[in-house]
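Quick look at upload10.txt (compact mmCIF, C-alpha atoms):
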# COMPACT_ATOMS: atom_id res chain seq x y z
CA MET A 1 -12.72 9.64 -5.86
CA SER A 2 -13.37 11.95 -2.97
CA THR A 3 -11.47 13.78 -0.32
CA THR A 4 -12.99 13.72 3.13
CA SER A 5 -10.49 16.15 4.66
CA SER A 6 -7.07 17.58 3.90
CA GLU A 7 -5.46 14.82 5.97
CA THR A 8 -7.13 11.73 4.55
CA THR A 9 -8.28 10.65 1.15
CA ALA A 10 -10.25 7.79 -0.36
CA ILE A 11 -10.07 5.65 -3.48
CA GLN A 12 -13.43 4.64 -4.91
CA ARG A 13 -14.24 2.19 -7.65
CA GLU A 14 -17.39 0.69 -9.09
CA ILE A 15 -17.32 -2.52 -11.09
CA ALA A 16 -20.07 -4.64 -12.66
CA ILE A 17 -19.62 -8.39 -12.27
CA ALA A 18 -21.69 -11.05 -14.04
CA ALA A 19 -21.99 -13.20 -10.93
CA ARG A 20 -24.51 -13.25 -8.10
CA PRO A 21 -23.75 -11.36 -4.87
CA GLU A 22 -23.53 -14.69 -2.97
CA THR A 23 -20.77 -15.82 -5.33
CA VAL A 24 -18.87 -12.53 -5.15
CA TRP A 25 -19.18 -12.53 -1.35
CA GLU A 26 -17.28 -15.81 -1.08
CA PHE A 27 -14.34 -14.21 -2.86
CA LEU A 28 -14.20 -11.57 -0.13
CA VAL A 29 -14.22 -13.80 2.94
CA ASP A 30 -13.02 -17.27 1.91
CA PRO A 31 -9.20 -17.37 1.88
CA ASP A 32 -9.07 -20.07 -0.83
CA LYS A 33 -11.10 -17.87 -3.16
CA ALA A 34 -9.50 -14.60 -1.98
CA VAL A 35 -6.08 -15.70 -3.21
CA ARG A 36 -7.53 -15.93 -6.71
CA TRP A 37 -7.70 -12.12 -6.83
CA MET A 38 -6.23 -10.44 -3.76
CA GLY A 39 -2.76 -11.85 -3.39
CA ARG A 40 -0.53 -14.83 -2.90
CA THR A 41 -1.65 -16.12 0.47
CA ALA A 42 -4.61 -15.21 2.66
CA GLU A 43 -5.69 -15.79 6.24
CA MET A 44 -9.25 -14.77 7.11
CA ASP A 45 -11.30 -15.18 10.25
CA ALA A 46 -14.54 -13.81 8.84
CA ARG A 47 -16.27 -12.41 11.92
CA PRO A 48 -16.16 -8.99 13.56
CA GLY A 49 -12.73 -8.58 15.16
CA GLY A 50 -11.34 -11.54 13.16
CA VAL A 51 -8.01 -11.24 11.37
CA HIS A 52 -7.76 -10.40 7.66
CA ARG A 53 -4.25 -10.95 6.35
CA VAL A 54 -3.10 -11.14 2.72
CA GLU A 55 0.33 -11.32 1.11
CA VAL A 56 -0.55 -8.79 -1.58
CA ILE A 57 2.77 -8.82 -3.36
CA SER A 58 5.66 -11.09 -2.62
CA GLY A 59 7.02 -10.19 0.83
CA ASN A 60 4.45 -7.46 1.38
CA ILE A 61 1.67 -8.42 3.74
CA ALA A 62 -1.39 -6.28 4.37
CA SER A 63 -3.54 -6.95 7.39
CA GLY A 64 -6.36 -5.66 9.54
CA VAL A 65 -9.53 -6.94 11.15
CA PHE A 66 -13.06 -7.54 9.96
CA VAL A 67 -15.33 -4.79 11.25
CA GLU A 68 -18.72 -5.42 9.67
CA LEU A 69 -20.08 -8.45 7.80
CA ASP A 70 -23.54 -8.41 6.29
CA PRO A 71 -23.50 -11.27 3.75
CA PRO A 72 -23.90 -10.88 0.84
CA ARG A 73 -24.37 -7.13 0.96
CA ARG A 74 -21.75 -5.22 2.87
CA LEU A 75 -18.25 -5.87 4.18
CA VAL A 76 -15.96 -3.54 6.14
CA TYR A 77 -12.43 -4.38 7.26
CA THR A 78 -9.34 -2.44 8.26
CA TRP A 79 -6.24 -2.66 6.12
CA GLY A 80 -2.58 -1.65 6.13
CA TRP A 81 0.94 -2.89 5.50
CA GLU A 82 2.57 -5.14 8.06
CA THR A 83 5.88 -5.28 6.27
CA GLY A 84 7.81 -3.40 3.65
CA SER A 85 8.62 0.27 3.66
CA ALA A 86 5.04 1.35 2.83
CA ALA A 87 4.13 0.27 6.37
CA ALA A 88 5.54 3.64 7.42
CA GLU A 89 2.78 5.39 5.54
CA VAL A 90 -0.07 2.97 6.00
CA PRO A 91 0.53 0.61 8.91
CA SER A 92 -1.55 -2.50 9.53
CA GLY A 93 -5.19 -1.75 10.32
CA SER A 94 -4.81 2.00 9.81
CA THR A 95 -7.11 2.38 6.80
CA THR A 96 -10.56 1.04 5.99
CA ILE A 97 -11.92 -0.94 3.07
CA GLU A 98 -15.66 -0.92 2.54
CA ILE A 99 -17.27 -3.13 -0.09
CA GLU A 100 -20.96 -3.03 -0.99
CA LEU A 101 -22.56 -5.60 -3.28
CA VAL A 102 -25.71 -4.43 -5.03
CA PRO A 103 -27.72 -7.03 -7.01
CA ASP A 104 -28.23 -6.11 -10.66
CA GLY A 105 -30.30 -8.75 -12.47
CA ASP A 106 -28.24 -11.95 -12.28
CA GLY A 107 -25.14 -9.89 -11.62
CA THR A 108 -23.66 -7.60 -9.01
CA THR A 109 -22.43 -4.04 -8.91
CA VAL A 110 -19.48 -3.80 -6.54
CA HIS A 111 -18.89 -0.47 -4.80
CA PHE A 112 -15.35 -0.49 -3.49
CA THR A 113 -14.00 2.24 -1.19
CA HIS A 114 -10.56 2.39 0.41
CA ARG A 115 -10.72 5.27 2.88
CA ASP A 116 -8.72 6.91 5.67
CA LEU A 117 -5.65 7.00 3.47
CA PRO A 118 -3.21 9.75 4.44
CA SER A 119 -3.12 12.24 1.60
CA ALA A 120 0.26 12.77 -0.03
CA GLU A 121 -0.46 16.48 -0.04
CA SER A 122 -0.98 16.63 3.69
CA ALA A 123 2.27 14.78 4.32
CA ALA A 124 4.35 16.76 1.86
CA ARG A 125 2.92 20.20 2.61
CA HIS A 126 4.36 20.66 6.05
CA ALA A 127 7.98 20.18 6.98
CA HIS A 128 6.61 18.60 10.13
CA GLY A 129 4.69 16.07 8.06
CA TRP A 130 7.72 15.30 6.01
CA GLU A 131 9.89 14.64 9.05
CA HIS A 132 7.19 12.57 10.64
CA TYR A 133 6.87 10.36 7.59
CA PHE A 134 10.56 10.22 6.97
CA GLU A 135 11.32 8.81 10.40
CA ARG A 136 8.61 6.19 10.14
CA PHE A 137 9.51 5.36 6.58
CA VAL A 138 13.19 4.84 7.27
CA ALA A 139 12.51 2.98 10.51
CA VAL A 140 10.40 0.43 8.69
CA ALA A 141 12.77 0.22 5.75
CA GLU A 142 15.49 -0.60 8.26
CA GLY A 143 13.33 -3.36 9.68
CA ARG A 144 12.42 -1.67 12.94
CA GLU A 145 8.99 -1.22 14.44
CA PRO A 146 7.87 2.38 13.83
CA GLY A 147 5.46 2.41 16.76
CA GLU A 148 1.93 3.64 16.75
CA ASP A 149 1.26 6.51 14.41
CA PRO A 150 -0.93 9.12 16.11
CA TRP A 151 -1.65 10.66 12.70
CA LEU A 152 -3.20 7.51 11.41
CA ALA A 153 -5.07 6.59 14.57
CA THR A 154 -7.82 9.10 13.84
CA GLY A 155 -9.56 7.10 11.12
CA GLY A 156 -12.59 6.39 13.29
CA MET A 157 -11.86 2.68 13.73
CA SER A 158 -10.92 1.32 17.12
CA MET B 1 7.99 5.42 -11.06
CA SER B 2 5.66 3.75 -8.58
CA ALA B 3 5.58 2.89 -4.90
CA GLN B 4 6.75 -0.57 -5.90
CA ASP B 5 9.95 0.99 -7.24
CA VAL B 6 10.30 2.77 -3.92
CA LEU B 7 9.86 -0.49 -2.02
CA ARG B 8 12.41 -2.18 -4.22
CA ALA B 9 14.83 0.72 -3.91
CA LEU B 10 14.76 0.48 -0.12
CA ALA B 11 15.02 -3.29 0.07
CA GLU B 12 18.82 -3.10 0.43
CA PRO B 13 19.57 -2.05 4.03
CA ARG B 14 22.28 0.48 3.16
CA ARG B 15 19.91 2.55 1.05
CA PRO B 16 17.66 3.74 3.88
CA ALA B 17 20.86 4.47 5.82
CA ILE B 18 22.10 6.58 2.90
CA LEU B 19 18.75 8.37 2.74
CA ARG B 20 19.05 9.24 6.40
CA LEU B 21 22.51 10.73 5.79
CA VAL B 22 21.30 13.02 3.02
CA ARG B 23 18.09 13.95 4.74
CA ASP B 24 19.09 17.34 6.18
CA GLU B 25 22.20 18.08 4.21
CA ALA B 26 23.32 17.56 0.63
CA ARG B 27 26.41 15.34 0.53
CA SER B 28 28.88 14.09 -2.02
CA VAL B 29 29.49 10.43 -2.77
CA GLY B 30 32.81 10.62 -0.89
CA GLU B 31 31.20 12.04 2.24
CA ILE B 32 28.56 9.34 2.14
CA ALA B 33 31.08 6.56 1.53
CA ALA B 34 33.07 7.70 4.59
CA HIS B 35 30.18 6.51 6.74
CA PHE B 36 30.20 2.98 5.37
CA ASP B 37 32.64 0.15 4.84
CA ILE B 38 31.89 0.03 1.12
CA SER B 39 33.57 1.65 -1.87
CA GLN B 40 32.58 4.96 -3.42
CA GLN B 41 31.60 3.01 -6.48
CA ALA B 42 29.17 0.89 -4.46
CA VAL B 43 27.73 4.06 -2.90
CA SER B 44 27.33 5.55 -6.38
CA GLN B 45 25.36 2.49 -7.44
CA HIS B 46 23.08 2.77 -4.41
CA LEU B 47 22.54 6.47 -5.18
CA GLN B 48 21.65 5.62 -8.76
CA VAL B 49 18.94 3.26 -7.55
CA LEU B 50 17.61 5.84 -5.08
CA ARG B 51 17.61 8.45 -7.80
CA ALA B 52 15.79 6.22 -10.27
CA ALA B 53 13.10 5.67 -7.61
CA GLY B 54 12.77 9.44 -7.17
CA LEU B 55 14.05 9.34 -3.59
CA VAL B 56 17.10 11.58 -4.02
CA ASP B 57 18.01 14.57 -6.16
CA VAL B 58 21.45 15.55 -7.31
CA ARG B 59 22.88 19.03 -7.93
CA ARG B 60 26.28 20.29 -8.97
CA ASP B 61 28.46 22.34 -6.67
CA GLY B 62 31.58 23.20 -8.66
CA THR B 63 33.12 19.86 -9.50
CA ARG B 64 31.16 17.96 -6.87
CA ARG B 65 27.80 16.29 -7.23
CA LEU B 66 25.71 16.64 -4.11
CA TYR B 67 22.88 14.30 -3.23
CA ARG B 68 19.90 15.11 -1.08
CA VAL B 69 16.60 13.48 -0.17
CA ARG B 70 13.64 14.32 -2.36
CA PRO B 71 10.69 14.51 0.08
CA GLU B 72 7.93 14.04 -2.48
CA GLY B 73 9.56 10.77 -3.54
CA LEU B 74 8.18 9.11 -0.45
CA VAL B 75 4.54 9.71 -1.19
CA PRO B 76 3.57 7.88 -4.40
CA LEU B 77 1.42 5.61 -2.28
CA ARG B 78 -1.92 6.71 -3.63
CA ALA B 79 -0.95 6.07 -7.24
CA PHE B 80 0.33 2.67 -6.22
CA LEU B 81 -2.92 1.75 -4.45
CA GLU B 82 -5.07 2.97 -7.34
CA GLU B 83 -3.10 0.78 -9.70
CA LEU B 84 -3.22 -2.13 -7.27
CA TRP B 85 -6.99 -2.00 -6.76
CA ASP B 86 -7.76 -1.53 -10.47
CA ASP B 87 -5.72 -4.60 -11.16
CA ARG B 88 -7.17 -6.64 -8.29
CA LEU B 89 -10.80 -5.70 -8.96
CA ASP B 90 -10.36 -6.81 -12.57
CA ALA B 91 -9.13 -10.13 -11.21
CA LEU B 92 -12.11 -10.33 -8.83
CA LYS B 93 -14.47 -9.82 -11.76
CA ARG B 94 -12.73 -12.46 -13.85
CA GLU B 95 -12.62 -15.06 -11.07
CA ALA B 96 -16.14 -14.49 -9.73
CA GLU B 97 -17.56 -14.70 -13.26
CA ARG B 98 -15.63 -17.89 -13.94
CA GLU B 99 -16.95 -19.38 -10.70
CA GLN B 100 -20.51 -18.34 -11.55
CA ARG B 101 -20.30 -19.88 -15.04
CA SER B 102 -19.02 -23.14 -13.63
CA ARG B 103 -21.85 -23.24 -11.05
CA ASP B 104 -24.51 -22.41 -13.65
CA GLU B 105 -23.22 -25.20 -15.92
CA HIS B 106 -23.20 -27.60 -12.99
CA ASP B 107 -26.81 -26.64 -12.12
CA GLN B 108 -27.95 -27.32 -15.68
CA GLN B 109 -26.57 -30.85 -15.69

Take the structure in the file and write it out as structure tokens.
Amino acid sequence: MSTTSSETTAIQREIAIAARPETVWEFLVDPDKAVRWMGRTAEMDARPGGVHRVEVISGNIASGVFVELDPPRRLVYTWGWETGSAAAEVPSGSTTIEIELVPDGDGTTVHFTHRDLPSAESAARHAHGWEHYFERFVAVAEGREPGEDPWLATGGMS
Amino acid sequence: MSAQDVLRALAEPRRPAILRLVRDEARSVGEIAAHFDISQQAVSQHLQVLRAAGLVDVRRDGTRRLYRVRPEGLVPLRAFLEELWDDRLDALKREAEREQRSRDEHDQQ
């Protein structure tokens, strides 16, 4: 895990899979295969700018767009909550998921990075941050649209 | 306590409304109930859920119990995502390996 700045943070994982990169790749971009690991339902238009939308847990949909597709090596898409109260913290498309598939014999090493996440510390440290998040949090919990979050629009993705 | 608990705790529409009320000022159950058309007992139950999710704190003021928002309760997101991705990547491994085995068997036939 690494911290790129005091305002954002990343989650990194590495996992070895006994399947070829071509096979693993299909699980990333084919909705029928994606639902076997990502969530309950999936909608994927696997091309740059295409929609990526997964019901991760019941009633909680995460979505974004595909940014970079280099089959079967590298995939980048944006990600965030469309619904549920966590959408206040990480709205749709506000963070980035980057997946690299590196061949290892007949298998694949998957490098998974979820970056541009707002750090809890940065939000909690300042009263300003707290109020900012509170308003968005409660707005979404009450079922209203929180509006664009200028704090989260600095992740480098358009 | 996880972000999922937080999501669940806020699923009932009165609970975010209660949170808003105790955001800047600690309030008693009675004060909170005065803002809603529900009983003090119902408010107490909502506060219990919010407290269990780490969203409010309670302190004593004489005979009264005063509730107030707990700011750090709103930021367990990272822990939630770490747990989520660990779980999902394990599933990716399992499913991709199953798929690969089935293809390899098919190829051998």

Separation of atom CA of B:Arg64 and atom CA of B:Arg27, in Å? 9.2 Å

Between atom CA of B:Asp104 and atom CA of B:Leu89, what distance in Å does the model show, to one decimal?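 Calculated distance between atom CA of B:Asp104 and atom CA of B:Leu89 is 22.1 Å.
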
One number please: atom CA of A:Val76 to atom CA of A:Arg47, in Å, one decimal.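 Between atom CA of A:Val76 and atom CA of A:Arg47 the gap is 10.6 Å.
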
Could you tell me which of B:Val22, B:Val69, B:Leu84, B:Ala96 comes closest to A:Gly39 if we count all atoms listed in the file?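 Ranking B:Val22, B:Val69, B:Leu84, B:Ala96 by distance to A:Gly39, first place goes to B:Leu84.
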
Residues of chain B near chain A: apply a cut-off of 6 Å, count all atoms listed in the file, and supply the list as a PyMOL selection string. chain B and resi 7+16+75+88+91-93+96-97+100

Produce a file of the selected residues containing C-alpha atoms, as a short mmCIF file (atom, residue, chain, number, x, y, z; two decimals), in the frame of the given file.
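Writing the result to part_7.cif gives the following:
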data_model
loop_
_atom_site.label_atom_id
_atom_site.label_comp_id
_atom_site.auth_asym_id
_atom_site.auth_seq_id
_atom_site.Cartn_x
_atom_site.Cartn_y
_atom_site.Cartn_z
CA LEU B 7 9.86 -0.49 -2.02
CA PRO B 16 17.66 3.74 3.88
CA VAL B 75 4.54 9.71 -1.19
CA ARG B 88 -7.17 -6.64 -8.29
CA ALA B 91 -9.13 -10.13 -11.21
CA LEU B 92 -12.11 -10.33 -8.83
CA LYS B 93 -14.47 -9.82 -11.76
CA ALA B 96 -16.14 -14.49 -9.73
CA GLU B 97 -17.56 -14.70 -13.26
CA GLN B 100 -20.51 -18.34 -11.55
#

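Excluding B:Ile32 itself and any same-chain residue fewer than 2 positions from it, the protein and nucleic acid residues within 9 Å of it, counting all atoms listed in the file, are B:Ile18, B:Leu21, B:Val22, B:Arg27, B:Ser28, B:Val29, B:Gly30, B:Ala34, B:His35, B:Phe36, B:Gln40, B:Val43.
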
Set up a box along x, y and z of the file covering all listed atoms of stretch 51-60 of chain B, add 8 Å on every one of the six sides, and write the centre and edge lengths in Å to one decimal, as JSON.
{"center_x": 19.5, "center_y": 13.0, "center_z": -6.9, "size_x": 29.5, "size_y": 30.6, "size_z": 22.7}

Which protein, DNA or RNA residues have an atom at most 12 Å from (-9.5, 1.3, 7.8), counting all atoms listed in the file? List them as a PyMOL selection string. chain A and resi 8-10+52+62-68+75-81+90-99+113-118+152-158

Using only C-alpha atoms, determine which residues lie at most 7 Å from A:Pro31, disregarding the query and same-chain residues fewer than 6 positions distant; provide the list as a list in words.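 Everything that qualifies: Ala42, Glu43 and Met44 of chain A.
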